[in-house]
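So this block is my_file.csv, CSV, C-alpha atoms:
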```csv
chain,number,residue,atom,x,y,z
A,1084,MET,CA,250.7,-0.8,11.9
A,1085,LEU,CA,253.1,-0.8,8.9
A,1086,ASP,CA,255.5,2.1,8.7
A,1087,LEU,CA,256.5,2.5,5.0
A,1088,GLY,CA,258.0,5.9,5.5
A,1089,THR,CA,261.5,7.3,5.2
A,1090,ARG,CA,263.1,10.3,6.7
A,1091,ILE,CA,260.8,12.2,9.0
A,1092,ALA,CA,257.0,12.8,8.5
A,1093,ALA,CA,255.6,9.3,8.1
A,1094,PRO,CA,257.9,7.6,10.5
A,1095,PHE,CA,257.1,10.3,13.1
A,1096,CYS,CA,253.4,9.7,12.6
A,1097,ALA,CA,254.0,6.0,13.2
A,1098,GLY,CA,256.3,6.7,16.1
A,1099,ILE,CA,253.6,8.8,17.9
A,1100,LEU,CA,251.1,6.0,17.5
A,1101,GLY,CA,253.7,3.5,18.7
A,1102,GLU,CA,254.3,5.5,21.8
A,1103,GLN,CA,250.6,5.4,22.4
A,1104,GLY,CA,250.3,1.7,22.2
A,1105,ALA,CA,250.4,0.6,18.6
A,1106,GLU,CA,252.7,-2.2,17.4
A,1107,VAL,CA,254.8,-0.6,14.6
A,1108,ILE,CA,256.5,-2.7,12.0
A,1109,LYS,CA,258.8,-0.7,9.8
A,1110,ILE,CA,259.2,-1.9,6.2
A,1111,GLU,CA,262.6,-0.9,4.8
A,1112,ASP,CA,264.4,-1.5,1.6
A,1113,PRO,CA,267.0,-4.3,2.1
A,1114,ILE,CA,269.7,-2.0,0.7
A,1115,GLY,CA,270.3,0.9,3.1
A,1116,GLY,CA,266.9,1.1,4.7
A,1117,ASP,CA,265.4,4.4,5.9
A,1118,GLY,CA,267.4,7.4,4.8
A,1119,THR,CA,267.4,8.7,8.3
A,1120,ARG,CA,270.0,6.0,9.1
A,1121,THR,CA,272.5,8.1,7.2
A,1122,ASN,CA,271.6,11.5,8.7
A,1123,GLY,CA,274.1,13.1,11.1
A,1124,PRO,CA,275.1,13.8,13.8
A,1125,PHE,CA,277.0,10.6,14.2
A,1126,THR,CA,278.6,8.7,17.1
A,1127,THR,CA,280.5,5.5,16.9
A,1128,ASP,CA,279.7,2.0,18.0
A,1129,ASP,CA,282.0,-0.4,19.7
A,1130,ASP,CA,283.6,-1.3,16.4
A,1131,GLY,CA,284.2,2.3,15.4
A,1132,ASN,CA,281.4,2.4,12.8
A,1133,HIS,CA,279.5,5.6,12.4
A,1134,TYR,CA,276.0,5.5,13.8
A,1135,SER,CA,273.3,8.1,13.4
A,1136,LEU,CA,271.9,9.7,16.5
A,1137,TYR,CA,269.1,11.1,14.3
A,1138,TRP,CA,268.1,7.5,13.6
A,1139,SER,CA,268.5,6.5,17.2
A,1140,VAL,CA,265.7,9.0,18.1
A,1141,GLU,CA,263.4,8.8,15.2
A,1142,GLY,CA,263.7,5.0,14.6
A,1143,ARG,CA,262.9,4.0,18.1
A,1144,GLY,CA,259.9,2.0,19.2
A,1145,ARG,CA,259.4,-0.2,16.2
A,1146,LYS,CA,260.5,-3.5,14.5
A,1147,SER,CA,262.4,-3.5,11.2
A,1148,VAL,CA,261.5,-5.8,8.4
A,1149,THR,CA,263.2,-5.6,5.0
A,1150,ILE,CA,261.2,-6.1,1.8
A,1151,ASN,CA,262.0,-5.2,-1.7
A,1152,LEU,CA,258.8,-3.5,-2.7
A,1153,ARG,CA,260.1,-3.1,-6.3
A,1154,SER,CA,259.7,-6.8,-6.9
A,1155,SER,CA,256.4,-8.6,-7.5
A,1156,GLU,CA,257.2,-11.1,-4.7
A,1157,GLY,CA,257.9,-8.3,-2.3
A,1158,GLN,CA,254.7,-6.6,-3.2
A,1159,LYS,CA,252.8,-9.8,-2.6
A,1160,LEU,CA,254.5,-10.2,0.8
A,1161,PHE,CA,253.6,-6.7,1.7
A,1162,ARG,CA,249.9,-7.2,0.8
A,1163,ARG,CA,249.9,-10.2,3.1
A,1164,LEU,CA,251.3,-8.2,5.9
A,1165,ALA,CA,248.8,-5.4,5.2
A,1166,SER,CA,245.9,-7.9,5.4
A,1167,VAL,CA,246.7,-8.6,9.1
A,1168,SER,CA,247.4,-4.9,9.9
A,1169,ASP,CA,245.2,-1.9,10.8
A,1170,VAL,CA,247.2,1.1,9.5
A,1171,VAL,CA,249.7,1.8,6.8
A,1172,CYS,CA,251.7,5.0,6.8
A,1173,GLU,CA,253.8,6.2,3.9
A,1174,ASN,CA,255.4,9.4,2.5
A,1175,PHE,CA,256.5,8.4,-1.1
A,1176,ARG,CA,255.8,10.7,-4.0
A,1177,PRO,CA,252.2,10.3,-5.1
A,1178,GLY,CA,251.8,7.5,-7.6
A,1179,THR,CA,254.7,5.4,-6.1
A,1180,LEU,CA,252.5,2.9,-4.3
A,1181,GLU,CA,250.3,2.6,-7.4
A,1182,ARG,CA,253.3,1.6,-9.5
A,1183,TRP,CA,254.2,-0.9,-6.8
A,1184,ASN,CA,250.7,-2.4,-6.8
A,1185,ILE,CA,250.3,-1.7,-3.1
A,1186,ASP,CA,248.1,1.4,-3.1
A,1187,PRO,CA,244.9,1.5,-1.0
A,1188,SER,CA,242.8,0.3,-3.9
A,1189,ARG,CA,244.7,-3.0,-3.9
A,1190,LEU,CA,244.7,-3.5,-0.1
A,1191,ASP,CA,242.1,-4.6,2.4
A,1192,PRO,CA,239.4,-1.9,2.7
A,1193,LYS,CA,239.5,-2.1,6.5
A,1194,LEU,CA,243.0,-0.5,6.4
A,1195,VAL,CA,243.5,3.1,7.4
A,1196,THR,CA,246.3,4.5,5.2
A,1197,ALA,CA,248.1,7.8,5.9
A,1198,ARG,CA,249.6,9.2,2.8
A,1199,ILE,CA,252.0,12.0,3.4
A,1200,SER,CA,253.6,14.1,0.6
A,1201,LEU,CA,254.7,17.7,0.0
A,1202,TYR,CA,251.7,19.0,-2.0
A,1203,GLY,CA,249.1,16.3,-1.5
A,1204,GLN,CA,247.8,13.4,-3.6
A,1205,LEU,CA,246.0,15.6,-6.2
A,1206,GLY,CA,246.5,19.0,-7.7
A,1207,PRO,CA,248.8,20.7,-10.2
A,1208,LYS,CA,251.8,20.4,-7.9
A,1209,SER,CA,251.1,17.0,-6.5
A,1210,LEU,CA,253.9,15.2,-8.4
A,1211,ILE,CA,256.6,17.7,-7.5
A,1212,SER,CA,259.1,16.4,-5.0
A,1213,GLY,CA,260.5,18.3,-2.1
A,1214,PHE,CA,261.3,18.6,1.6
A,1215,ASP,CA,260.4,20.4,4.7
A,1216,HIS,CA,262.3,23.5,3.5
A,1217,ASN,CA,260.0,23.7,0.5
A,1218,ALA,CA,256.8,23.2,2.5
A,1219,VAL,CA,257.5,26.0,5.0
A,1220,ALA,CA,258.5,28.3,2.2
A,1221,PHE,CA,255.3,27.5,0.2
A,1222,ALA,CA,253.0,27.8,3.2
A,1223,GLY,CA,254.3,31.3,4.1
A,1224,LEU,CA,256.1,30.5,7.3
A,1225,THR,CA,259.6,31.2,6.0
A,1226,HIS,CA,258.4,34.6,4.9
A,1227,LEU,CA,257.4,35.4,8.5
A,1228,THR,CA,260.6,34.0,10.2
A,1229,GLY,CA,263.4,36.3,11.0
A,1230,HIS,CA,263.8,40.1,11.3
A,1231,GLY,CA,262.1,42.5,9.0
A,1232,ASP,CA,265.3,44.2,7.8
A,1233,GLN,CA,266.9,40.8,7.0
A,1234,PRO,CA,266.2,38.0,4.5
A,1235,PRO,CA,263.7,35.3,5.6
A,1236,THR,CA,265.0,32.5,7.6
A,1237,ARG,CA,264.0,28.8,7.7
A,1238,PRO,CA,262.8,27.7,11.2
A,1239,GLY,CA,265.5,25.8,13.1
A,1240,LEU,CA,263.6,22.5,13.0
A,1241,SER,CA,261.8,20.5,10.3
A,1242,VAL,CA,258.5,22.0,11.4
A,1243,SER,CA,256.3,20.7,8.5
A,1244,ASP,CA,257.6,17.2,8.8
A,1245,TYR,CA,256.8,16.9,12.5
A,1246,LEU,CA,253.6,18.9,12.4
A,1247,THR,CA,252.3,16.8,9.5
A,1248,GLY,CA,253.2,13.6,11.4
A,1249,VAL,CA,251.1,14.8,14.4
A,1250,PHE,CA,248.1,15.8,12.3
A,1251,ALA,CA,248.3,12.5,10.4
A,1252,ALA,CA,248.4,10.5,13.6
A,1253,GLN,CA,245.3,12.3,14.9
A,1254,ALA,CA,243.5,11.6,11.7
A,1255,VAL,CA,244.4,8.0,11.7
A,1256,THR,CA,242.9,7.5,15.2
A,1257,SER,CA,239.7,9.3,14.0
A,1258,LEU,CA,239.3,6.9,11.1
A,1259,LEU,CA,240.0,3.9,13.3
A,1260,TYR,CA,237.3,5.1,15.7
A,1261,GLU,CA,234.9,5.6,12.8
A,1262,ARG,CA,235.7,2.0,11.6
A,1263,ASP,CA,235.6,0.2,15.0
A,1264,ALA,CA,233.5,2.2,17.4
A,1265,ARG,CA,230.8,2.9,14.9
A,1266,GLY,CA,231.1,-0.4,13.2
A,1267,THR,CA,231.5,0.8,9.6
A,1268,GLY,CA,234.1,-2.0,8.9
A,1269,THR,CA,236.0,0.2,6.4
A,1270,GLY,CA,239.0,2.4,7.0
A,1271,GLY,CA,240.0,5.2,4.6
A,1272,VAL,CA,242.8,7.3,3.4
A,1273,VAL,CA,244.4,10.3,5.1
A,1274,ASP,CA,245.8,12.8,2.6
A,1275,ALA,CA,248.3,14.7,4.7
A,1276,TYR,CA,250.6,17.2,3.0
A,1277,LEU,CA,253.5,19.0,4.4
A,1278,TYR,CA,252.6,22.6,3.5
A,1279,GLY,CA,249.0,22.0,4.6
A,1280,SER,CA,250.0,21.4,8.3
A,1281,VAL,CA,251.9,24.7,8.3
A,1282,LEU,CA,249.1,26.6,6.5
A,1283,ARG,CA,246.7,25.4,9.2
A,1284,ILE,CA,248.6,27.1,12.0
A,1285,MET,CA,249.1,30.5,10.2
A,1286,GLU,CA,246.8,32.2,12.7
A,1287,TRP,CA,245.0,35.3,11.3
A,1288,THR,CA,247.3,35.6,8.2
A,1289,ILE,CA,244.8,34.7,5.5
A,1290,ALA,CA,241.8,36.4,7.2
A,1291,ALA,CA,243.7,39.7,7.5
A,1292,TYR,CA,244.6,39.5,3.8
A,1293,ASP,CA,241.1,38.7,2.9
A,1294,ARG,CA,239.4,41.5,4.9
A,1295,LEU,CA,242.1,44.1,5.3
A,1296,GLY,CA,244.4,43.5,2.3
A,1297,SER,CA,247.4,43.3,4.6
A,1298,VAL,CA,250.3,41.0,3.9
A,1299,ARG,CA,251.9,39.9,7.2
A,1300,GLN,CA,255.6,40.6,7.6
A,1301,ARG,CA,258.5,39.5,9.7
A,1302,THR,CA,258.8,41.0,13.1
A,1303,GLY,CA,261.7,39.1,14.7
A,1304,ASN,CA,261.2,38.3,18.3
A,1305,ARG,CA,258.7,41.2,18.8
A,1306,SER,CA,255.1,41.6,17.7
A,1307,ASP,CA,253.4,44.3,15.7
A,1308,ASN,CA,250.3,43.8,17.8
A,1309,ALA,CA,251.5,43.9,21.4
A,1310,ALA,CA,254.3,45.1,23.7
A,1311,PRO,CA,256.4,44.7,25.7
A,1312,LEU,CA,257.4,41.4,24.2
A,1313,ASP,CA,260.9,40.3,23.2
A,1314,ASN,CA,264.0,38.2,24.1
A,1315,PHE,CA,265.9,40.7,26.3
A,1316,GLN,CA,269.6,40.4,26.8
A,1317,SER,CA,270.8,40.1,30.3
A,1318,ARG,CA,274.0,41.4,32.0
A,1319,ASP,CA,275.6,37.9,31.8
A,1320,GLY,CA,275.0,37.8,28.0
A,1321,ARG,CA,272.0,35.5,28.0
A,1322,PHE,CA,268.5,36.2,26.8
A,1323,VAL,CA,265.2,36.2,28.7
A,1324,CYS,CA,261.8,36.0,27.0
A,1325,ILE,CA,259.4,38.4,28.7
A,1326,VAL,CA,255.7,38.7,27.7
A,1327,ALA,CA,253.9,41.5,29.5
A,1328,VAL,CA,251.3,42.6,27.0
A,1329,ARG,CA,248.2,42.4,29.1
A,1330,GLN,CA,247.5,45.5,31.2
A,1331,ALA,CA,247.6,43.8,34.6
A,1332,VAL,CA,250.8,42.0,33.7
A,1333,PHE,CA,252.5,45.2,32.4
A,1334,GLU,CA,251.6,46.9,35.7
A,1335,ARG,CA,253.3,44.1,37.6
A,1336,LEU,CA,256.3,44.3,35.3
A,1337,CYS,CA,256.7,48.0,36.1
A,1338,ASP,CA,256.7,47.1,39.8
A,1339,ALA,CA,259.3,44.4,39.2
A,1340,MET,CA,261.5,46.9,37.4
A,1341,GLY,CA,261.0,49.6,40.0
A,1342,ARG,CA,259.6,51.9,37.3
A,1343,PRO,CA,256.1,52.8,38.5
A,1344,GLU,CA,256.3,56.1,36.6
A,1345,LEU,CA,255.9,54.3,33.3
A,1346,LEU,CA,252.3,53.7,34.2
A,1347,ASP,CA,251.7,57.5,34.1
A,1348,ASP,CA,253.3,57.9,30.7
A,1349,GLY,CA,250.6,58.4,28.1
A,1350,ARG,CA,252.6,56.3,25.7
A,1351,PHE,CA,252.2,53.2,27.9
A,1352,THR,CA,249.0,53.6,29.7
A,1353,THR,CA,246.9,51.2,27.6
A,1354,PRO,CA,247.7,48.1,25.4
A,1355,LYS,CA,246.8,50.2,22.3
A,1356,ALA,CA,249.2,53.0,23.3
A,1357,ARG,CA,252.0,50.5,24.0
A,1358,ARG,CA,251.4,48.9,20.6
A,1359,ARG,CA,251.9,52.3,18.9
A,1360,ASN,CA,255.0,52.9,21.0
A,1361,ARG,CA,256.3,49.3,21.1
A,1362,ASP,CA,259.9,50.2,20.3
A,1363,VAL,CA,260.1,52.7,23.2
A,1364,VAL,CA,258.5,50.4,25.8
A,1365,ASN,CA,260.6,47.4,24.6
A,1366,GLN,CA,263.7,49.6,24.9
A,1367,ALA,CA,262.8,50.5,28.5
A,1368,VAL,CA,262.5,46.8,29.4
A,1369,ALA,CA,265.8,46.1,27.6
A,1370,GLU,CA,267.7,48.7,29.6
A,1371,TRP,CA,266.4,47.2,32.8
A,1372,ALA,CA,267.2,43.7,31.8
A,1373,SER,CA,270.8,44.6,30.8
A,1374,GLY,CA,271.6,45.4,34.4
A,1375,LEU,CA,270.7,42.0,35.8
A,1376,ASP,CA,271.8,38.4,35.3
A,1377,ALA,CA,269.3,36.2,33.5
A,1378,ALA,CA,268.5,34.2,36.6
A,1379,ALA,CA,267.8,37.3,38.5
A,1380,ILE,CA,265.4,38.6,35.8
A,1381,GLU,CA,263.5,35.4,35.8
A,1382,GLU,CA,263.3,35.3,39.6
A,1383,ARG,CA,262.2,39.0,39.8
A,1384,CYS,CA,259.5,38.6,37.1
A,1385,GLY,CA,258.3,35.3,38.6
A,1386,SER,CA,257.9,36.8,42.0
A,1387,HIS,CA,255.7,39.5,40.5
A,1388,GLY,CA,253.6,37.3,38.3
A,1389,VAL,CA,255.2,38.3,35.0
A,1390,PRO,CA,255.8,35.5,32.4
A,1391,ALA,CA,259.5,35.2,31.8
A,1392,SER,CA,261.7,32.4,30.7
A,1393,VAL,CA,265.5,32.2,30.2
A,1394,VAL,CA,266.2,31.1,26.6
A,1395,TYR,CA,267.5,27.6,27.0
A,1396,ASP,CA,269.9,25.6,25.0
A,1397,VAL,CA,269.9,21.8,25.3
A,1398,ALA,CA,272.4,21.8,28.2
A,1399,ASP,CA,270.1,24.1,30.2
A,1400,MET,CA,267.2,21.9,29.4
A,1401,ILE,CA,268.9,18.7,30.5
A,1402,ALA,CA,270.0,20.3,33.8
A,1403,ASP,CA,266.6,21.8,34.6
A,1404,ASP,CA,264.9,20.5,37.8
A,1405,HIS,CA,261.4,20.8,36.3
A,1406,VAL,CA,262.3,18.8,33.2
A,1407,SER,CA,263.8,16.1,35.5
A,1408,ALA,CA,260.7,16.1,37.8
A,1409,ARG,CA,258.4,15.8,34.8
A,1410,GLY,CA,260.4,12.9,33.2
A,1411,ASP,CA,260.7,14.8,30.0
A,1412,VAL,CA,264.0,13.1,29.2
A,1413,CYS,CA,264.3,9.3,29.2
A,1414,THR,CA,267.1,6.9,28.6
A,1415,VAL,CA,266.6,4.6,25.7
A,1416,ASP,CA,268.6,1.4,25.4
A,1417,ASP,CA,269.8,1.6,21.8
A,1418,PRO,CA,270.8,-1.9,20.4
A,1419,VAL,CA,273.9,-0.4,18.7
A,1420,ILE,CA,275.3,2.2,21.2
A,1421,GLY,CA,273.6,1.3,24.4
A,1422,PRO,CA,271.9,3.8,26.8
A,1423,VAL,CA,271.3,7.2,25.3
A,1424,ARG,CA,269.2,10.1,26.7
A,1425,GLN,CA,266.4,11.3,24.4
A,1426,GLN,CA,263.2,13.3,24.7
A,1427,ALA,CA,260.5,11.2,26.4
A,1428,PRO,CA,257.2,10.2,24.7
A,1429,TYR,CA,254.6,13.0,24.7
A,1430,PRO,CA,251.9,13.6,25.8
A,1431,ARG,CA,251.1,11.5,28.8
A,1432,PHE,CA,247.8,10.2,30.1
A,1433,ASP,CA,246.5,10.9,33.6
A,1434,GLY,CA,249.9,12.4,34.6
A,1435,ASP,CA,251.7,9.0,34.3
A,1436,SER,CA,255.0,8.8,32.5
A,1437,PRO,CA,254.6,6.6,29.4
A,1438,PRO,CA,256.8,3.6,29.0
A,1439,VAL,CA,260.3,4.2,27.6
A,1440,PRO,CA,260.4,3.2,23.9
A,1441,GLY,CA,262.6,0.4,22.7
A,1442,GLY,CA,265.7,1.4,20.8
A,1443,ALA,CA,265.8,2.0,17.1
A,1444,PRO,CA,266.2,-1.4,15.4
A,1445,ARG,CA,269.1,-2.6,13.3
A,1446,LEU,CA,268.1,-2.9,9.6
A,1447,GLY,CA,266.0,-6.0,9.1
A,1448,GLU,CA,266.4,-7.0,12.8
A,1449,HIS,CA,262.9,-8.4,13.0
A,1450,THR,CA,262.3,-9.7,9.5
A,1451,ASP,CA,262.3,-13.4,10.4
A,1452,GLU,CA,260.3,-12.9,13.6
A,1453,VAL,CA,257.5,-10.9,11.9
A,1454,LEU,CA,257.2,-13.1,8.9
A,1455,SER,CA,257.1,-16.2,11.0
A,1456,ASN,CA,254.7,-14.9,13.7
A,1457,LEU,CA,252.3,-12.9,11.5
A,1458,LEU,CA,252.4,-14.8,8.3
A,1459,GLY,CA,253.4,-18.3,9.5
A,1460,LEU,CA,256.3,-18.6,7.1
A,1461,SER,CA,258.7,-21.4,7.8
A,1462,GLY,CA,262.5,-20.9,8.2
A,1463,ALA,CA,263.0,-22.5,4.8
A,1464,GLU,CA,260.5,-20.2,3.2
A,1465,ILE,CA,262.1,-17.2,4.7
A,1466,ALA,CA,265.6,-18.4,3.6
A,1467,ALA,CA,264.3,-18.8,0.1
A,1468,LEU,CA,262.9,-15.3,0.0
A,1469,ARG,CA,266.2,-14.0,1.2
A,1470,LYS,CA,268.1,-15.9,-1.4
A,1471,ARG,CA,265.9,-14.4,-4.1
A,1472,ASN,CA,266.6,-10.9,-2.7
A,1473,VAL,CA,262.9,-10.3,-1.8
A,1474,ILE,CA,263.9,-9.6,1.8
```

Written as structure tokens, how would this file's structure read?
Amino acid sequence: MLDLGTRIAAPFCAGILGEQGAEVIKIEDPIGGDGTRTNGPFTTDDDGNHYSLYWSVEGRGRKSVTINLRSSEGQKLFRRLASVSDVVCENFRPGTLERWNIDPSRLDPKLVTARISLYGQLGPKSLISGFDHNAVAFAGLTHLTGHGDQPPTRPGLSVSDYLTGVFAAQAVTSLLYERDARGTGTGGVVDAYLYGSVLRIMEWTIAAYDRLGSVRQRTGNRSDNAAPLDNFQSRDGRFVCIVAVRQAVFERLCDAMGRPELLDDGRFTTPKARRRNRDVVNQAVAEWASGLDAAAIEERCGSHGVPASVVYDVADMIADDHVSARGDVCTVDDPVIGPVRQQAPYPRFDGDSPPVPGGAPRLGEHTDEVLSNLLGLSGAEIAALRKRNVI
């Protein structure tokens, strides 16, 4: 497949497919390449040059070919590569591929093309540019993130970029199945837009507005619909997420806390009662948690069948025995900085750990190899293209 994307969403879509077996060829502009190459945080290589750890993770598992898609020769070269490919993935502003004469209408109809944008390929806002921040705001997630008495907060990760990449990858495989397994011979276009992926996971938000007229609001770490549920602070200053909203689980939590009398309190006897008195029941759990270290809370809850998890940072995650046993962190051999630990490919098949991806390529590292092997260009032809700034 050909990865035309830059930054996050489209390259992540390609990366997922690559980790599941696709050969991914990344097409980059000869000057600068993917913008992720300039995103921090940075480390330094052996020569003291800055190197993006962001790129090291998101650029892995693919080959880099440089083509100037703004030139007619570059466009012709891309169309040749597309003719021997199955998938194209891009996230330029709608209309860009059309201006470059490489949109799906000009490519082989067998191709599956994933087109990722902020607002979609059509519609009143389709030509407006923007980023993940804009998508999560427009889709309503920012409005729901944070505490009710404070301003809305952006989620800590680029949720819409990554989520859209996942949805797009799934849709690509569906169209490939339609083309190959059912023998249609034609691919199709996936119109994946950033805000749409977030909107799709907004649970009951729209239905409640439609039938009840209610506008969902921020609730912080708690819930308006169930209790006890929160990130409770421990004696050693950490936080433990405890979820004990089901009746049987709440009864086990009362046992773990040594507070059986709570079960006879009319404010807590049923899930509905606890929902009405959620602040009171959450406070009771908070007081208990404040007297124990986080590890002790987690152990006590676990031994009583109560879901509880210490809120981890990355250092905790890396050190966790379960993460190690599952192989959730792998060591990638980056061609610039050498071995670096990163999150492993996900998910896995039949419980087997997937192969470790190759390191993120240097800009244009595979240009000669790909043009020679896939298109049969000679060394002289490749040199001439490079001289004319096509590659």

Checklist entry - If I put a ball of radius 12 Å at (279.4, 15.6, 13.2) in the file's coordinates, which residues poke into it when counting all atoms listed in the file, written as a count of residues only? => result 12

Checklist entry - Residues at most 8 Å from A:Met1084, counting all atoms listed in the file, excluding those fewer than 5 positions away in the same chain, as a ChimeraX atom specification? => result /A:1097,1105-1108,1168-1172

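Using all atoms listed in the file, the residues found no farther than 7 Å from A:Asp1376, other than those of its own chain fewer than 6 positions away, are Ser1317, Arg1318 and Asp1319 of chain A.
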
Item to check | Distance of atom CA of A:Asp1403 from atom CA of A:Val1368, expressed in Å to one decimal place | outcome: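 Distance reported for this atom pair: 25.9 Å.
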
Item to check | Long-range neighbours of A:Val1419 as JSON, numbers by chain, 9 Å cut-off, all atoms listed in the file, 4 positions minimum in chain | outcome: {"A": [1128, 1129, 1134, 1139, 1442, 1443, 1444, 1445]}

Item to check | Surrounding residues of A:Leu1258 excluding itself and chain neighbours under 5 positions, 8 Å, only C-alpha atoms, as a list of chain:residue names | outcome: A:Val1195, A:Gly1270, A:Gly1271

Checklist entry - For A:Pro1428, which residue among A:Val1167, A:Val1412, A:Thr1269, A:Val1298 is the nearest when counting only C-alpha atoms? => result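 When distances to A:Pro1428 are compared using only C-alpha atoms, the smallest one comes from A:Val1412.
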
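For A:Gly1341, the list of residues within 12 Å, based on only C-alpha atoms and with local chain neighbours fewer than 5 positions off taken out, reads A:Glu1334, A:Arg1335, A:Leu1336, A:Leu1346, A:Ala1367, A:Val1368, A:Trp1371, A:Ala1372, A:Arg1383, A:Cys1384, A:His1387.
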
Item to check | Shortest interatomic distance to A:Glu1111 - which of A:Thr1149, A:Thr1247, A:Gln1204, A:Thr1288, counting all atoms listed in the file | outcome: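 Under the stated criterion, the closest residue is A:Thr1149.
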
What are the closest atom pairs, with distances in Å to one decimal, for each residue of stretch 1223-1329 of chain A lying within 12 Å of stretch 1206-1209 of chain A, using only C-alpha atoms, rows by chain and rising residue number, as a tab-separated table?
```
residue	atom	partner	partner_atom	distance
A:Asp1274	CA	A:Ser1209	CA	11.3
A:Ala1275	CA	A:Ser1209	CA	11.8
A:Tyr1276	CA	A:Ser1209	CA	9.5
A:Leu1277	CA	A:Ser1209	CA	11.3
A:Tyr1278	CA	A:Ser1209	CA	11.6
```

Taking the block just given, write stretch 1132-1149 of chain A to a file that holds N, CA and C atoms, as a PDB file, in the first residue's frame.
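Dumped everything to result07.pdb:
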```
ATOM      1  N   ASN A1132      22.648  15.444  16.163  1.00  0.00           N
ATOM      2  CA  ASN A1132      21.494  16.026  15.493  1.00  0.00           C
ATOM      3  C   ASN A1132      20.210  15.654  16.230  1.00  0.00           C
ATOM      4  N   HIS A1133      19.250  16.579  16.235  1.00  0.00           N
ATOM      5  CA  HIS A1133      17.967  16.292  16.858  1.00  0.00           C
ATOM      6  C   HIS A1133      17.217  15.232  16.057  1.00  0.00           C
ATOM      7  N   TYR A1134      16.562  14.337  16.770  1.00  0.00           N
ATOM      8  CA  TYR A1134      15.791  13.267  16.118  1.00  0.00           C
ATOM      9  C   TYR A1134      14.479  13.074  16.865  1.00  0.00           C
ATOM     10  N   SER A1135      13.374  13.037  16.111  1.00  0.00           N
ATOM     11  CA  SER A1135      12.045  12.986  16.699  1.00  0.00           C
ATOM     12  C   SER A1135      11.689  11.581  17.173  1.00  0.00           C
ATOM     13  N   LEU A1136      11.401  11.464  18.459  1.00  0.00           N
ATOM     14  CA  LEU A1136      10.922  10.193  18.984  1.00  0.00           C
ATOM     15  C   LEU A1136       9.482   9.936  18.545  1.00  0.00           C
ATOM     16  N   TYR A1137       8.745  10.995  18.281  1.00  0.00           N
ATOM     17  CA  TYR A1137       7.392  10.863  17.723  1.00  0.00           C
ATOM     18  C   TYR A1137       7.470  10.124  16.385  1.00  0.00           C
ATOM     19  N   TRP A1138       8.376  10.582  15.533  1.00  0.00           N
ATOM     20  CA  TRP A1138       8.562   9.943  14.235  1.00  0.00           C
ATOM     21  C   TRP A1138       9.046   8.508  14.398  1.00  0.00           C
ATOM     22  N   SER A1139       9.924   8.266  15.343  1.00  0.00           N
ATOM     23  CA  SER A1139      10.455   6.928  15.557  1.00  0.00           C
ATOM     24  C   SER A1139       9.342   5.916  15.795  1.00  0.00           C
ATOM     25  N   VAL A1140       8.280   6.358  16.487  1.00  0.00           N
ATOM     26  CA  VAL A1140       7.147   5.469  16.762  1.00  0.00           C
ATOM     27  C   VAL A1140       6.199   5.414  15.569  1.00  0.00           C
ATOM     28  N   GLU A1141       5.764   6.570  15.087  1.00  0.00           N
ATOM     29  CA  GLU A1141       4.704   6.591  14.073  1.00  0.00           C
ATOM     30  C   GLU A1141       5.200   6.347  12.659  1.00  0.00           C
ATOM     31  N   GLY A1142       6.511   6.434  12.432  1.00  0.00           N
ATOM     32  CA  GLY A1142       7.039   6.193  11.092  1.00  0.00           C
ATOM     33  C   GLY A1142       7.544   4.784  10.880  1.00  0.00           C
ATOM     34  N   ARG A1143       7.462   3.958  11.906  1.00  0.00           N
ATOM     35  CA  ARG A1143       8.067   2.622  11.829  1.00  0.00           C
ATOM     36  C   ARG A1143       7.283   1.705  10.866  1.00  0.00           C
ATOM     37  N   GLY A1144       7.966   0.633  10.451  1.00  0.00           N
ATOM     38  CA  GLY A1144       7.304  -0.413   9.688  1.00  0.00           C
ATOM     39  C   GLY A1144       6.949  -0.066   8.264  1.00  0.00           C
ATOM     40  N   ARG A1145       7.702   0.827   7.623  1.00  0.00           N
ATOM     41  CA  ARG A1145       7.395   1.185   6.235  1.00  0.00           C
ATOM     42  C   ARG A1145       8.669   1.627   5.515  1.00  0.00           C
ATOM     43  N   LYS A1146       8.583   1.719   4.207  1.00  0.00           N
ATOM     44  CA  LYS A1146       9.692   2.198   3.397  1.00  0.00           C
ATOM     45  C   LYS A1146       9.417   3.628   2.963  1.00  0.00           C
ATOM     46  N   SER A1147      10.458   4.436   2.859  1.00  0.00           N
ATOM     47  CA  SER A1147      10.300   5.845   2.481  1.00  0.00           C
ATOM     48  C   SER A1147      10.790   6.079   1.061  1.00  0.00           C
ATOM     49  N   VAL A1148       9.879   6.641   0.251  1.00  0.00           N
ATOM     50  CA  VAL A1148      10.207   7.015  -1.126  1.00  0.00           C
ATOM     51  C   VAL A1148       9.852   8.493  -1.297  1.00  0.00           C
ATOM     52  N   THR A1149      10.765   9.268  -1.834  1.00  0.00           N
ATOM     53  CA  THR A1149      10.487  10.693  -2.034  1.00  0.00           C
ATOM     54  C   THR A1149      10.053  10.950  -3.480  1.00  0.00           C
TER      55      THR A1149
END
```
